[in-house]
Every structure is written in C-alpha cells, then in structure tokens.
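Asks: Sending over my_file-v1.cif (mmCIF, C-alpha atoms).
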data_entry
#
loop_
_atom_site.label_atom_id
_atom_site.label_comp_id
_atom_site.auth_asym_id
_atom_site.auth_seq_id
_atom_site.Cartn_x
_atom_site.Cartn_y
_atom_site.Cartn_z
CA MET E 16 52.90 -32.56 275.77
CA ARG E 17 49.34 -31.33 275.80
CA LEU E 18 47.27 -29.53 278.38
CA ARG E 19 43.57 -30.21 278.84
CA ALA E 20 41.42 -27.17 279.41
CA ILE E 21 38.00 -27.35 280.98
CA GLN E 22 35.37 -27.94 278.28
CA ARG E 23 32.20 -27.49 280.29
CA LEU E 24 29.09 -25.53 279.63
CA LEU E 25 30.25 -22.71 281.85
CA TRP E 26 33.25 -22.27 284.07
CA PHE E 27 31.28 -23.50 287.09
CA SER E 28 30.63 -26.74 285.16
CA SER E 29 28.14 -29.38 286.25
CA LEU E 30 28.37 -28.23 289.86
CA ALA E 31 25.66 -25.76 288.90
CA LEU E 32 23.34 -28.77 289.00
CA LEU E 33 23.99 -29.33 292.67
CA ALA E 34 23.77 -26.14 294.68
CA CYS E 35 23.11 -22.46 294.59
CA GLU E 36 26.02 -20.08 294.86
CA ALA E 37 27.42 -20.37 298.36
CA PRO E 38 27.45 -17.22 300.49
CA MET E 39 30.54 -15.08 300.63
CA ASP E 40 32.80 -15.66 303.60
CA GLN E 41 32.79 -12.22 305.16
CA ASP E 42 35.96 -12.88 307.11
CA SER E 43 38.12 -13.98 304.24
CA GLY E 44 36.30 -12.35 301.36
CA GLY E 45 36.47 -15.69 299.60
CA PHE E 46 33.97 -18.02 297.99
CA SER E 47 33.32 -21.45 299.40
CA GLU E 48 32.05 -24.05 296.93
CA ASN E 49 29.09 -26.04 298.18
CA TYR E 50 29.24 -29.45 296.54
CA GLU E 51 26.29 -30.93 298.37
CA LEU E 52 22.61 -30.43 297.84
CA PRO E 53 21.13 -28.02 300.38
CA ASP E 54 19.69 -29.59 303.50
CA GLU E 55 16.51 -27.59 303.32
CA THR E 56 13.66 -28.83 301.15
CA LEU E 57 14.19 -28.17 297.47
CA ALA E 58 11.46 -25.62 297.08
CA SER E 59 10.64 -25.54 293.39
CA SER E 60 9.97 -27.61 290.34
CA HIS E 61 12.26 -26.75 287.47
CA GLY E 62 9.67 -28.15 285.10
CA ALA E 63 7.81 -24.86 285.05
CA LEU E 64 8.50 -21.15 284.99
CA ARG E 65 7.48 -19.46 288.20
CA ALA E 66 4.62 -17.01 287.76
CA ASP E 67 1.65 -15.72 289.70
CA THR E 68 -0.97 -17.43 287.57
CA ASP E 69 -3.05 -20.40 288.60
CA SER E 70 -2.07 -23.93 287.70
CA THR E 71 -3.32 -25.10 284.31
CA ARG E 72 -2.99 -28.46 282.61
CA ASP E 73 -3.58 -29.63 279.08
CA SER E 74 -5.43 -32.79 278.11
CA SER E 75 -2.34 -34.94 278.70
CA GLY E 76 -2.04 -33.79 282.29
CA TYR E 77 1.12 -31.77 281.61
CA GLN E 78 1.43 -28.69 283.77
CA SER E 79 1.90 -25.59 281.68
CA GLN E 80 4.99 -23.41 281.79
CA ALA E 81 3.09 -20.48 283.21
CA VAL E 82 3.14 -22.04 286.66
CA ILE E 83 5.40 -23.64 289.21
CA ASN E 84 4.57 -26.76 291.18
CA ASN E 85 5.86 -25.91 294.64
CA ILE E 86 7.45 -28.77 296.54
CA SER E 87 6.80 -28.41 300.25
CA PRO E 88 7.63 -30.69 303.19
CA THR E 89 4.06 -32.00 303.13
CA SER E 90 3.76 -32.48 299.36
CA THR E 91 7.23 -33.75 298.49
CA PRO E 92 7.03 -37.23 296.94
CA ASP E 93 8.71 -40.02 298.91
CA TRP E 94 11.31 -40.62 296.22
CA PHE E 95 12.48 -37.01 296.22
CA HIS E 96 14.47 -37.06 299.47
CA GLN E 97 15.81 -40.54 298.70
CA VAL E 98 17.08 -39.39 295.31
CA ARG E 99 18.66 -36.30 296.83
CA THR E 100 20.57 -38.46 299.32
CA LEU E 101 21.69 -40.87 296.60
CA ILE E 102 22.94 -38.02 294.43
CA ARG E 103 24.84 -36.54 297.35
CA GLU E 104 26.54 -39.93 297.80
CA GLU E 105 27.15 -40.28 294.04
CA ARG E 106 25.01 -43.43 293.92
CA TYR E 107 23.72 -42.53 290.50
CA ASP E 108 22.54 -46.00 289.44
CA GLU E 109 20.23 -46.23 292.43
CA ALA E 110 18.99 -42.69 291.91
CA ARG E 111 18.23 -43.51 288.29
CA ASP E 112 16.23 -46.59 289.29
CA LEU E 113 14.08 -44.59 291.71
CA LEU E 114 13.48 -41.85 289.18
CA THR E 115 12.62 -44.28 286.39
CA SER E 116 10.09 -45.93 288.67
CA ALA E 117 8.56 -42.56 289.55
CA GLN E 118 8.46 -41.55 285.90
CA SER E 119 6.53 -44.71 284.97
CA LYS E 120 3.73 -43.45 287.21
CA THR E 121 3.79 -39.81 286.08
CA PRO E 122 5.42 -39.75 282.61
CA ASN E 123 4.52 -36.11 281.99
CA ASP E 124 6.17 -34.75 285.12
CA PRO E 125 8.89 -32.30 284.01
CA THR E 126 10.46 -32.32 287.48
CA ILE E 127 11.37 -35.99 287.11
CA VAL E 128 12.70 -35.35 283.61
CA LEU E 129 14.97 -32.61 284.91
CA ILE E 130 16.27 -34.55 287.89
CA LEU E 131 16.76 -37.73 285.86
CA SER E 132 18.62 -35.93 283.07
CA GLY E 133 20.63 -34.10 285.73
CA VAL E 134 21.66 -37.39 287.28
CA GLU E 135 22.82 -38.60 283.86
CA LEU E 136 24.90 -35.44 283.43
CA LEU E 137 26.55 -35.94 286.80
CA ALA E 138 27.21 -39.58 285.87
CA GLU E 139 28.70 -38.36 282.57
CA ASN E 140 26.08 -40.19 280.51
CA TYR E 141 25.64 -37.18 278.26
CA SER E 142 23.88 -38.90 275.38
CA ASP E 143 21.36 -40.42 277.80
CA ALA E 144 20.74 -37.02 279.37
CA TYR E 145 20.19 -35.55 275.93
CA GLN E 146 17.77 -38.31 274.93
CA ILE E 147 15.71 -37.94 278.10
CA ALA E 148 15.31 -34.21 277.54
CA ASP E 149 14.78 -34.54 273.80
CA THR E 150 12.06 -37.15 274.20
CA PHE E 151 10.15 -34.90 276.61
CA LEU E 152 10.56 -31.90 274.31
CA SER E 153 9.07 -33.83 271.40
CA GLU E 154 5.74 -33.54 273.23
CA HIS E 155 6.36 -30.31 275.16
CA PRO E 156 8.66 -28.25 272.92
CA GLN E 157 8.16 -24.98 274.83
CA ASP E 158 9.48 -26.24 278.16
CA TYR E 159 12.35 -23.83 278.78
CA PRO E 160 14.10 -25.65 281.66
CA VAL E 161 14.18 -28.95 279.78
CA LEU E 162 15.38 -27.14 276.65
CA LYS E 163 18.17 -25.73 278.79
CA ARG E 164 19.05 -29.20 280.07
CA ARG E 165 19.19 -30.56 276.53
CA ALA E 166 21.56 -27.79 275.47
CA MET E 167 23.81 -28.52 278.44
CA ALA E 168 23.85 -32.22 277.56
CA SER E 169 24.86 -31.63 273.95
CA LEU E 170 27.68 -29.28 274.93
CA MET E 171 29.02 -31.39 277.77
CA GLY E 172 28.84 -34.42 275.48
CA HIS E 173 30.98 -32.55 272.91
CA ASP E 174 28.31 -32.69 270.21
CA ILE E 175 29.17 -29.13 269.37
CA GLU E 176 27.18 -28.61 266.19
CA THR E 177 24.06 -29.79 268.00
CA ALA E 178 24.96 -27.61 270.98
CA VAL E 179 25.06 -24.51 268.77
CA VAL E 180 21.55 -25.26 267.49
CA ASP E 181 20.29 -26.01 271.01
CA PHE E 182 21.71 -22.84 272.51
CA GLN E 183 20.44 -20.71 269.65
CA ALA E 184 16.96 -22.08 270.38
CA LEU E 185 17.50 -21.46 274.09
CA VAL E 186 18.47 -17.82 273.49
CA VAL E 187 15.35 -17.27 271.37
CA SER E 188 13.18 -18.88 274.02
CA ALA E 189 14.74 -16.82 276.82
CA GLU E 190 14.22 -13.63 274.83
CA ARG E 191 10.57 -14.52 274.29
CA HIS E 192 10.00 -15.25 277.97
CA LEU E 193 11.77 -12.03 278.91
CA THR E 194 9.52 -10.04 276.59
CA ASN E 195 6.50 -11.70 278.18
CA ARG E 196 7.85 -10.79 281.63
CA THR E 197 7.93 -14.40 282.75
CA ALA E 198 9.07 -14.80 286.34
CA ASP E 199 12.06 -16.70 287.68
CA VAL E 200 13.19 -20.14 286.50
CA CYS E 201 13.97 -22.69 289.20
CA ASP E 202 15.88 -25.96 289.25
CA PRO E 203 14.89 -28.92 291.46
CA LEU E 204 18.42 -30.29 291.77
CA SER E 205 20.09 -27.06 292.80
CA ALA E 206 17.17 -25.35 294.57
CA CYS E 207 18.26 -22.24 292.66
CA CYS E 208 16.00 -19.73 290.97
CA GLN E 209 17.18 -17.22 288.36
CA SER E 210 15.58 -14.25 286.69
CA MET E 211 14.91 -14.44 282.97
CA GLU E 212 17.53 -11.71 282.49
CA THR E 213 20.11 -14.03 284.04
CA GLU E 214 18.78 -16.99 282.06
CA LEU E 215 19.23 -15.08 278.81
CA ALA E 216 22.77 -14.07 279.73
CA GLU E 217 23.59 -17.66 280.68
CA ALA E 218 22.13 -18.98 277.42
CA LYS E 219 24.27 -16.53 275.44
CA THR E 220 27.34 -17.63 277.38
CA GLY E 221 26.55 -21.25 276.59
CA LEU E 222 26.23 -20.32 272.92
CA ALA E 223 29.55 -18.46 273.15
CA THR E 224 31.17 -21.60 274.59
CA ALA E 225 29.78 -23.71 271.76
CA ARG E 226 30.98 -21.19 269.18
CA TYR E 227 34.42 -21.20 270.78
CA ASN E 228 34.58 -24.99 270.53
CA LEU E 229 33.64 -24.73 266.85
CA GLY E 230 36.64 -22.44 266.37
CA ASP E 231 34.52 -19.36 265.72
CA LEU E 232 36.43 -17.10 268.08
CA ASP E 233 34.97 -13.86 266.74
CA ALA E 234 31.40 -14.98 267.42
CA ALA E 235 32.36 -16.39 270.83
CA GLU E 236 33.98 -13.11 271.84
CA ARG E 237 31.04 -11.01 270.60
CA LEU E 238 28.56 -13.06 272.61
CA ALA E 239 30.69 -13.16 275.76
CA SER E 240 31.42 -9.44 275.56
CA ASP E 241 27.72 -8.69 275.19
CA VAL E 242 27.00 -10.73 278.32
CA LEU E 243 29.81 -9.05 280.23
CA ASN E 244 28.55 -5.59 279.28
CA THR E 245 24.93 -6.25 280.20
CA ALA E 246 24.76 -8.97 282.87
CA ASP E 247 24.21 -7.91 286.45
CA ASP E 248 24.74 -11.43 287.78
CA ARG E 249 28.26 -11.96 289.10
CA GLY E 250 28.34 -15.66 288.23
CA VAL E 251 27.29 -15.20 284.62
CA ALA E 252 29.76 -12.32 284.22
CA GLY E 253 32.46 -14.67 285.49
CA ALA E 254 31.41 -17.27 282.95
CA ALA E 255 31.65 -14.72 280.15
CA LYS E 256 35.15 -13.74 281.28
CA PHE E 257 36.08 -17.43 281.27
CA VAL E 258 35.07 -17.75 277.61
CA LEU E 259 36.99 -14.58 276.73
CA ALA E 260 40.03 -16.00 278.50
CA LEU E 261 39.78 -19.26 276.54
CA SER E 262 39.62 -17.32 273.30
CA ALA E 263 42.52 -15.07 274.29
CA SER E 264 44.71 -18.10 274.97
CA LYS E 265 43.73 -19.63 271.64
CA ARG E 266 44.88 -16.40 269.99
CA GLY E 267 48.19 -16.62 271.84
CA LYS E 268 47.36 -13.79 274.25
CA ASP E 269 48.12 -15.51 277.52
CA ASP E 270 48.70 -12.24 279.36
CA THR E 271 45.12 -11.24 278.60
CA ALA E 272 43.87 -14.69 279.52
CA PHE E 273 45.76 -14.65 282.81
CA SER E 274 44.29 -11.25 283.70
CA LEU E 275 40.75 -12.45 282.98
CA TYR E 276 41.20 -15.69 284.92
CA GLN E 277 42.71 -13.84 287.86
CA ASP E 278 39.81 -11.39 287.86
CA VAL E 279 37.35 -14.27 288.13
CA LEU E 280 39.51 -15.99 290.74
CA ASN E 281 39.30 -12.89 292.92
CA ASP E 282 35.55 -13.52 293.22
CA TYR E 283 35.76 -17.33 293.24
CA PRO E 284 39.11 -18.33 294.79
CA GLU E 285 38.37 -22.06 294.78
CA ASN E 286 36.74 -22.50 291.40
CA PRO E 287 38.41 -25.62 289.95
CA ALA E 288 37.96 -24.69 286.29
CA VAL E 289 39.62 -21.31 286.77
CA LEU E 290 42.42 -22.80 288.88
CA ASN E 291 43.06 -25.42 286.22
CA ASN E 292 43.27 -22.92 283.41
CA ILE E 293 45.53 -20.56 285.34
CA GLY E 294 47.76 -23.59 285.72
CA GLY E 295 47.51 -23.89 281.96
CA VAL E 296 48.83 -20.37 281.48
CA TYR E 297 51.85 -21.18 283.65
CA TYR E 298 52.25 -24.44 281.72
CA ARG E 299 52.52 -22.55 278.45
CA MET E 300 55.00 -20.21 280.14
CA LYS E 301 57.12 -23.34 280.89
CA ASP E 302 56.70 -22.76 284.63
CA LEU E 303 55.89 -26.33 285.62
CA VAL E 304 56.23 -25.68 289.35
CA ARG E 305 53.40 -23.15 289.39
CA ALA E 306 51.44 -25.13 286.80
CA ARG E 307 51.53 -28.22 289.02
CA SER E 308 50.46 -26.16 292.04
CA PHE E 309 47.36 -24.81 290.31
CA PHE E 310 46.47 -28.19 288.77
CA MET E 311 46.68 -29.71 292.25
CA LYS E 312 44.43 -27.01 293.68
CA ALA E 313 41.93 -27.62 290.87
CA TYR E 314 41.91 -31.33 291.63
CA GLU E 315 41.50 -30.77 295.37
CA THR E 316 38.55 -28.39 294.92
CA ALA E 317 36.73 -30.34 292.20
CA GLY E 318 34.42 -32.06 294.67
CA VAL E 319 31.90 -34.34 292.94
CA ASP E 320 32.73 -32.84 289.54
CA ARG E 321 34.27 -35.98 288.09
CA ARG E 322 35.25 -34.48 284.76
CA GLY E 323 36.87 -31.46 286.37
CA ALA E 324 38.81 -33.67 288.78
CA ALA E 325 39.98 -35.93 285.96
CA ILE E 326 41.13 -33.02 283.82
CA ALA E 327 43.16 -31.52 286.65
CA TRP E 328 44.65 -34.86 287.75
CA SER E 329 45.51 -35.73 284.15
CA ASN E 330 47.33 -32.42 283.92
CA VAL E 331 49.32 -33.22 287.07
CA GLY E 332 50.23 -36.56 285.50
CA GLU E 333 51.33 -34.75 282.39
CA VAL E 334 53.70 -32.57 284.40
CA ASP E 335 55.14 -35.79 285.86
CA LEU E 336 55.66 -37.07 282.33
CA LEU E 337 57.45 -33.92 281.23
CA GLU E 338 59.69 -34.17 284.30
CA GLY E 339 60.55 -37.79 283.50
CA LYS E 340 58.57 -39.26 286.41
CA PHE E 341 57.03 -41.95 284.25
CA ARG E 342 55.69 -44.27 286.95
CA ASP E 343 54.03 -41.37 288.79
CA ALA E 344 52.58 -40.14 285.51
CA GLU E 345 51.13 -43.54 284.67
CA ASP E 346 49.53 -43.89 288.10
CA LYS E 347 47.88 -40.48 287.90
CA LEU E 348 46.65 -40.94 284.35
CA LEU E 349 45.10 -44.32 285.17
CA GLU E 350 43.45 -42.72 288.20
CA ALA E 351 42.12 -39.91 286.00
CA ILE E 352 40.57 -42.49 283.68
CA ALA E 353 38.99 -44.25 286.66
CA ILE E 354 37.53 -40.93 287.85
CA SER E 355 36.14 -39.98 284.43
CA PRO E 356 36.19 -42.87 281.93
CA THR E 357 34.74 -40.69 279.16
CA PHE E 358 37.36 -37.91 279.22
CA ALA E 359 39.46 -38.35 276.09
CA GLY E 360 42.40 -36.25 277.26
CA SER E 361 43.62 -38.78 279.80
CA TYR E 362 43.73 -41.46 277.10
CA PHE E 363 45.72 -39.25 274.73
CA THR E 364 48.29 -38.42 277.40
CA LEU E 365 48.56 -42.03 278.53
CA ALA E 366 49.05 -43.08 274.90
CA ALA E 367 51.88 -40.54 274.61
CA LEU E 368 53.46 -41.91 277.78
CA TYR E 369 53.27 -45.51 276.61
CA ASP E 370 54.69 -44.47 273.26
CA VAL E 371 57.84 -42.97 274.77
CA LEU E 372 58.16 -46.07 276.95
CA GLY E 373 58.02 -48.28 273.86
CA ARG E 374 54.79 -49.97 274.99
CA VAL E 375 53.35 -49.77 271.50
CA GLU E 376 50.27 -51.96 271.86
CA GLU E 377 49.09 -50.14 274.99
CA ALA E 378 49.71 -46.79 273.32
CA GLN E 379 47.56 -47.80 270.35
CA ILE E 380 44.73 -49.06 272.56
CA HIS E 381 44.54 -45.81 274.54
CA LEU E 382 44.93 -43.61 271.50
CA LYS E 383 42.09 -45.42 269.76
CA ARG E 384 39.85 -44.96 272.79
CA GLY E 385 40.71 -41.28 273.00
CA LEU E 386 39.80 -40.77 269.35
CA GLU E 387 36.50 -42.59 269.84
CA LEU E 388 35.61 -40.30 272.74
CA ASP E 389 36.82 -37.16 270.96
CA GLU E 390 35.00 -37.80 267.70
CA GLN E 391 34.49 -34.10 266.94
CA GLY E 392 37.98 -33.09 268.10
CA VAL E 393 36.80 -30.86 270.96
CA VAL E 394 39.42 -32.08 273.44
CA ARG E 395 42.18 -31.70 270.87
CA TRP E 396 40.95 -28.19 270.06
CA ASN E 397 41.15 -27.34 273.73
CA SER E 398 44.70 -28.66 274.00
CA SER E 399 47.95 -26.78 274.36
CA TYR E 400 51.39 -28.26 273.83
CA PHE E 401 54.56 -27.89 275.80
CA SER E 402 56.56 -27.81 272.59
CA GLU E 403 56.14 -28.46 268.89
CA ALA E 404 57.81 -31.83 269.28
CA TRP E 405 55.19 -33.05 271.75
CA GLU E 406 52.43 -31.85 269.44
CA ASP E 407 54.00 -33.61 266.47
CA GLN E 408 54.24 -36.81 268.49
CA LEU E 409 50.47 -36.93 269.04
CA LEU E 410 49.72 -35.96 265.44
CA ALA E 411 52.14 -38.62 264.19
CA MET E 412 50.52 -41.27 266.37
CA ILE E 413 47.06 -40.30 265.16
CA ALA E 414 48.12 -40.30 261.50
CA GLU E 415 49.69 -43.72 261.94
CA GLN E 416 46.61 -45.03 263.77
CA GLN E 417 44.39 -43.84 260.92
CA GLY E 418 46.58 -45.34 258.22
CA ASN E 419 48.06 -42.09 256.92
CA LEU E 420 51.55 -43.54 256.93
CA GLN E 421 53.25 -40.93 254.74
CA ASP E 422 51.95 -38.08 256.88
CA SER E 423 52.99 -39.99 259.97
CA LEU E 424 56.50 -40.48 258.63
CA VAL E 425 56.92 -36.77 257.94
CA LEU E 426 55.76 -35.95 261.46
CA TRP E 427 58.05 -38.53 263.06
CA GLN E 428 60.97 -37.07 261.13
CA SER E 429 60.08 -33.71 262.65
CA VAL E 430 59.98 -35.26 266.12
CA LEU E 431 63.41 -36.74 265.43
CA LYS E 432 64.84 -33.20 265.45
CA SER E 433 63.68 -32.67 269.03
CA ASP E 434 66.12 -32.17 271.87
CA VAL E 435 63.96 -34.40 274.10
CA ASP E 436 65.74 -37.76 274.26
CA VAL E 437 62.64 -39.90 274.89
CA LEU E 438 60.88 -38.33 271.90
CA LYS E 439 63.86 -38.85 269.65
CA ALA E 440 64.05 -42.50 270.70
CA SER E 441 60.34 -42.93 270.01
CA ALA E 442 60.69 -41.29 266.59
CA HIS E 443 63.56 -43.66 265.70
CA ARG E 444 61.39 -46.68 266.56
CA HIS E 445 58.45 -45.49 264.49
CA ILE E 446 60.56 -44.49 261.49
CA ALA E 447 62.30 -47.87 261.54
CA ARG E 448 58.95 -49.64 261.60
CA LEU E 449 57.47 -47.49 258.84
CA THR E 450 60.47 -47.68 256.50
CA GLY E 451 61.83 -51.10 257.35
CA TYR E 452 65.21 -49.63 258.27
#
Will you turn the file into structure tokens for me?

Replies:
Amino acid sequence: MRLRAIQRLLWFSSLALLACEAPMDQDSGGFSENYELPDETLASSHGALRADTDSTRDSSGYQSQAVINNISPTSTPDWFHQVRTLIREERYDEARDLLTSAQSKTPNDPTIVLILSGVELLAENYSDAYQIADTFLSEHPQDYPVLKRRAMASLMGHDIETAVVDFQALVVSAERHLTNRTADVCDPLSACCQSMETELAEAKTGLATARYNLGDLDAAERLASDVLNTADDRGVAGAAKFVLALSASKRGKDDTAFSLYQDVLNDYPENPAVLNNIGGVYYRMKDLVRARSFFMKAYETAGVDRRGAAIAWSNVGEVDLLEGKFRDAEDKLLEAIAISPTFAGSYFTLAALYDVLGRVEEAQIHLKRGLELDEQGVVRWNSSYFSEAWEDQLLAMIAEQQGNLQDSLVLWQSVLKSDVDVLKASAHRHIARLTGY
C-alpha cells in the first residue's frame, strides 16, 4: 500500500496563513499550535512592504510597495472583523462573498487580494487563489506579498512547473528588496511580519520544495542546505530540514530522514506534517503500530488544516487496510475525502481497497478521480509503498484504466506472486478479465 506524505509549501503548511508562531511553553519546553486568528487587531496590510517612507499612490490609486497601510481599531473596515470571524469558523463561502463585495468598491486594494486569495487557499480552491493573485499582478507585477501568495497557490495546487517559475521570481524579488534594505513584510491574515532575510530564506525553501516535487533532488538539497546554513529564523530552518528529510527518504535514507524529522519535532512537538512523516518512516520500517500512532497524532493536531488532516486520516485508513480491517478502512477513507475532496491520495487508497474487495466499478470511479486530481503525478511521487506487490497493484490499475492492457497484464502477473492473499485474489480476477480465462 502507499503512504501519503505532506505536499505543502512548507512543513507548517497553510496554517502559516492563520497565525504567527505561538510562544514557547516555558513549563514543557513545547510548542503549541495556534489555529485561530489572533484576537488582537490585525495590525498590518500585507499588500505593502513596511518602510518608513510616506504613503504614495500611482494614478490608479494603488498604494506603492514602499509603504504599509496600518490597520488600527479606528480605521479597520467593517468587513475586516466579520471576515476574520468567518475564517475562524471555516465559513469560507460567506467570507468570500464579503471580500468580493469589498473588492468591487476598492479593486486596487492589495489587502483584499491577499485575504481573498488566502481564503481560497484555506478552502483548497488553489486555482482560484492563483487566478486572484495573478490578475492583480498583471497590473502590479512588483507586489512582493501577492507574488508570494501566487507561488504558494501554484505549489499547493500541485502545478509544480509553474511553482518553480513562481518561486524563482520570488527569490529574485526578495534578493532585490533585501539589497534595497526594504523593511519587514506583513500578512493581514496571520498578523505576522517577517524580515526580508527571512522572506528570502522562505522563498528558497519554497523553491526547494518545488524542485523536490519535480524530482530534482540535488537542486532541492542544495537550496535547503543553503537555507539551513544561513537562516537565523527557527521556523524557516525547520522547513529546510523538512525538505532535506523528504529528499533523504526518497533516496532510501530513512535513518537520516528520521533524524531530521526528530530534530524538527524537538522544536515543534505538535506539528502535524512532521508527525505524519515520522509515521511514514515507521511505516516503511513495517512498524504499523508506531506508524498508526504518529498518523493519529498528526490527524488530531491538524486543526483547520483540511489537507493535512485528510492526509493523516487517509494514512490511518491505509493501516486498517493493511491489517485487514476493511470496513474501518473504508469509513476512514470516505471521511478523508469529505475533509479534503481535492486530495488525490485518499481516492487512490480507496480504489485499492475496493479493488481487493472486488468492487470493480467503485474502484474505477475513485481511481479516475484520483488521476484527475493528480494530473502532474505529485501525490504519486510523494508516495511510499508497503511492499512491491502493493505498488504493482496501483500501477496495474492505472495502466488498465488508461488502456495499456499489456502493461497491466504484466503488472498483475507480478502481483499474482505476492504472499498477500487479497492481492493474489485481485490479480486472478483482473488476469481472467484481461485474457478471457
């Protein structure tokens, strides 16, 4: 069977949209994730880079990047607090309606663009988030925060080739702003501000993630190592270690990956992406008891991160499948799809389950949907397999679905040699259908 790794921009995933890093718990030495927006007023507009210059506007009314439009309790627009509440409650459709109405009145407001595209990311409407940012950038191509949002949207939406281009542009822009000694960059959704040094390191880590998903491990490792050697921000350093761990696992170096994940977990004990991928290391070690434990912890700490929760819960369902608990597996996988309808991994695993149960039509429906969602193969690239037989099963199903019947037959014959009874039975059914015997 296959394991789904986290495929987010950085190991802290879309939660970075919601809140600044929570303070360390001095008693426990641990890190407590804050999944809600801060209660205090969000104090900055992410549509501009903070600097000490006066506000300037061009002929279109767009506020230049040299300034920041401070949002104070007296100047905050009425919709702002309403949108913040709706986002906290995951009422994304209503938040979108309010923001769209506000944007119709001030179409050149970068703050609205950033919050609206952020809402679409949280709702997993990645192509919509990309389009919102891209449309704004067509008129204001130098807006760094919106450029950053567009890069995030392309990567989270698994348009990896576009993500590479976007992050390359983001790195160049960050380097330029750093040379010009531009001040901090702030985000209206998270109320976080970061130095340009941190922004550059984060942009390089995003590019490293995109390179990893393209299969360019050497480039991914060079970028992540550069960040790790130069970044003074603990969070970005953790993100770089996460990319290095992903690459180590892909190279078959799970001991190295485990060490890197554990190092990050020491700083962030409840980070769901790290917990999930440590579970993945145990999974590949065939230790399903520990794998299940870490997948469960990842699910329980995912908060409003729908994709992260679905990945972890799908992995728990996969452990059920491997242990022969088919009804439990089906329930969890259907729940994972309900949590994140656009995550391809849950569909692939559910298709595999239905296949071994002989529910051919349902298997084909879910496999087809998984392939539609994973058009560039990012989820499959980020997959590990419990054994060669489980890998061959998925490949055989895909080949058959795509009409490559001879390739499918060869793969099913390989599955037939498995010592897993349900896989052997499935292989017999497929071979009989393909050969007429």

Asks: E:Asp108, E:Asp282, E:Glu212, E:Glu345: which is nearest E:Thr245, counting all atoms listed in the file?

Replies: E:Glu212

Asks: Contacts between stretch 213-234 of chain E and stretch 305-414 of chain E, please, where a residue of stretch 305-414 of chain E counts if it comes within 9 Å (with only C-alpha atoms); show its shortest atom pair and distance in Å to one decimal, rows by chain and ascending number, as CSV.

Replies:
residue,atom,partner,partner_atom,distance
E:Val393,CA,E:Asn228,CA,6.3
E:Trp396,CA,E:Asn228,CA,7.1
E:Asn397,CA,E:Asn228,CA,7.7

Asks: Using only C-alpha atoms, can you tell me which of E:Thr115, E:Val279, E:Phe341, E:Lys265 comes closest to E:Arg249?

Replies: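 Of E:Thr115, E:Val279, E:Phe341, E:Lys265, the one nearest E:Arg249, counting only C-alpha atoms, is E:Val279.
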
Asks: For the PyMOL selection byres ((chain E and resi 448) around 12), applied here, can you spell out every residue it catches as a ChimeraX atom specification?

Replies: /E:375,415,420,423-424,427,441-447,449-452

Asks: Could you spell out the hits of the PyMOL selection byres ((chain E and resi 176) around 10) on the shown file, as a list in words?

Replies: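 For this structure, the PyMOL selection byres ((chain E and resi 176) around 10) resolves to Ser169, Leu170, His173, Asp174, Ile175, Thr177, Ala178, Val179, Val180, Asp181, Ala225, Arg226, Asn228, Leu229 and Gln391 of chain E.
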
Asks: Using all atoms listed in the file, determine which residues lie at most 7 Å from E:Gly360, disregarding the query and same-chain residues fewer than 3 positions distant; provide the list as a list in words.

Replies: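 Once the adjacent positions are removed, what remains is Arg19, Phe363, Thr364, Gly385 and Val394 of chain E.
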
Asks: What separation in Å, quoted to one decimal, exists between atom CA of E:Met167 and atom CA of E:Glu104?

Replies: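 So the two atoms, atom CA of E:Met167 and atom CA of E:Glu104, lie 22.6 Å apart.
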
Asks: Please tell me which residues are no farther than 8 Å from (32.7, -19.3, 288.9) in the file, counting all atoms listed in the file, and write them as a PyMOL selection string.

Replies: chain E and resi 26-27+250+253-254+279-280+282-283+286+288-289

Asks: Please save C-alpha atoms of the selected residues as a PDB file, keeping the file's coordinate frame.

Replies:
ATOM      1  CA  TRP E  26      33.250 -22.270 284.070  1.00  0.00           C
ATOM      2  CA  PHE E  27      31.280 -23.500 287.090  1.00  0.00           C
ATOM      3  CA  GLY E 250      28.340 -15.660 288.230  1.00  0.00           C
ATOM      4  CA  GLY E 253      32.460 -14.670 285.490  1.00  0.00           C
ATOM      5  CA  ALA E 254      31.410 -17.270 282.950  1.00  0.00           C
ATOM      6  CA  VAL E 279      37.350 -14.270 288.130  1.00  0.00           C
ATOM      7  CA  LEU E 280      39.510 -15.990 290.740  1.00  0.00           C
ATOM      8  CA  ASP E 282      35.550 -13.520 293.220  1.00  0.00           C
ATOM      9  CA  TYR E 283      35.760 -17.330 293.240  1.00  0.00           C
ATOM     10  CA  ASN E 286      36.740 -22.500 291.400  1.00  0.00           C
ATOM     11  CA  ALA E 288      37.960 -24.690 286.290  1.00  0.00           C
ATOM     12  CA  VAL E 289      39.620 -21.310 286.770  1.00  0.00           C
TER      13      VAL E 289
END

Asks: Could you give me the axis-aligned bounding box of stretch 119-132 of chain E, with 5 Å of padding per side, as centre plus edge lengths in Å to one decimal, as lines of an AutoDock Vina configuration file?

Replies:
center_x = 11.2
center_y = -38.5
center_z = 284.9
size_x = 24.9
size_y = 22.4
size_z = 15.9

Asks: List the neighbours of E:Ala404 out to 10 Å using all atoms listed in the file; skip same-chain residues closer than 3 positions along the sequence, and give me the result as a short mmCIF file (atom, residue, chain, number, x, y, z; two decimals) with C-alpha atoms, keeping the file's coordinate frame.

Replies:
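Produced file out07.cif, reproduced below:
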data_model
loop_
_atom_site.label_atom_id
_atom_site.label_comp_id
_atom_site.auth_asym_id
_atom_site.auth_seq_id
_atom_site.Cartn_x
_atom_site.Cartn_y
_atom_site.Cartn_z
CA MET E 16 52.90 -32.56 275.77
CA TYR E 400 51.39 -28.26 273.83
CA PHE E 401 54.56 -27.89 275.80
CA ASP E 407 54.00 -33.61 266.47
CA GLN E 408 54.24 -36.81 268.49
CA LEU E 409 50.47 -36.93 269.04
CA LEU E 410 49.72 -35.96 265.44
CA LEU E 426 55.76 -35.95 261.46
CA TRP E 427 58.05 -38.53 263.06
CA SER E 429 60.08 -33.71 262.65
CA VAL E 430 59.98 -35.26 266.12
CA LEU E 431 63.41 -36.74 265.43
CA LYS E 432 64.84 -33.20 265.45
CA SER E 433 63.68 -32.67 269.03
CA ASP E 434 66.12 -32.17 271.87
CA VAL E 435 63.96 -34.40 274.10
CA LEU E 438 60.88 -38.33 271.90
CA LYS E 439 63.86 -38.85 269.65
#

Asks: Applying the PyMOL selection byres ((chain E and resi 161) around 12) to the file I just gave you, which residues come out? Please list them as a ChimeraX atom specification.

Replies: /E:60-64,80,124-133,144-160,162-168,181,184-185,188,200-203

Asks: Could you check how far atom CA of E:Ser398 sits from atom CA of E:Glu350, in Å to one decimal?

Replies: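 Going from atom CA of E:Ser398 over to atom CA of E:Glu350 covers 20.0 Å.
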
Asks: So which one's closest to E:Ser355, E:Leu261, E:Ile326, E:Val331, E:Ala198? Using all atoms listed in the file, please.

Replies: E:Ile326

Asks: In Å, rounded to a single decimal, give me how far atom CA of E:Arg299 is from atom CA of E:Phe273.

Replies: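 According to the coordinates, atom CA of E:Phe273 and atom CA of E:Arg299 are separated by 11.3 Å.
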
Asks: Could you list as an NGL selection string every residue that has an atom within 12 Å of (42.7, -43.3, 287.0), using the file's coordinates and counting only C-alpha atoms?

Replies: :E and (321-322 or 324-329 or 332 or 343-358 or 361-362 or 365)

Asks: Write out as JSON, numbers by chain the residues lying within 9 Å of E:Ser262, counting all atoms listed in the file and excluding same-chain residues fewer than 4 positions away.

Replies: {"E": [227, 232, 233, 235, 236, 257, 258, 266, 267, 268, 272]}
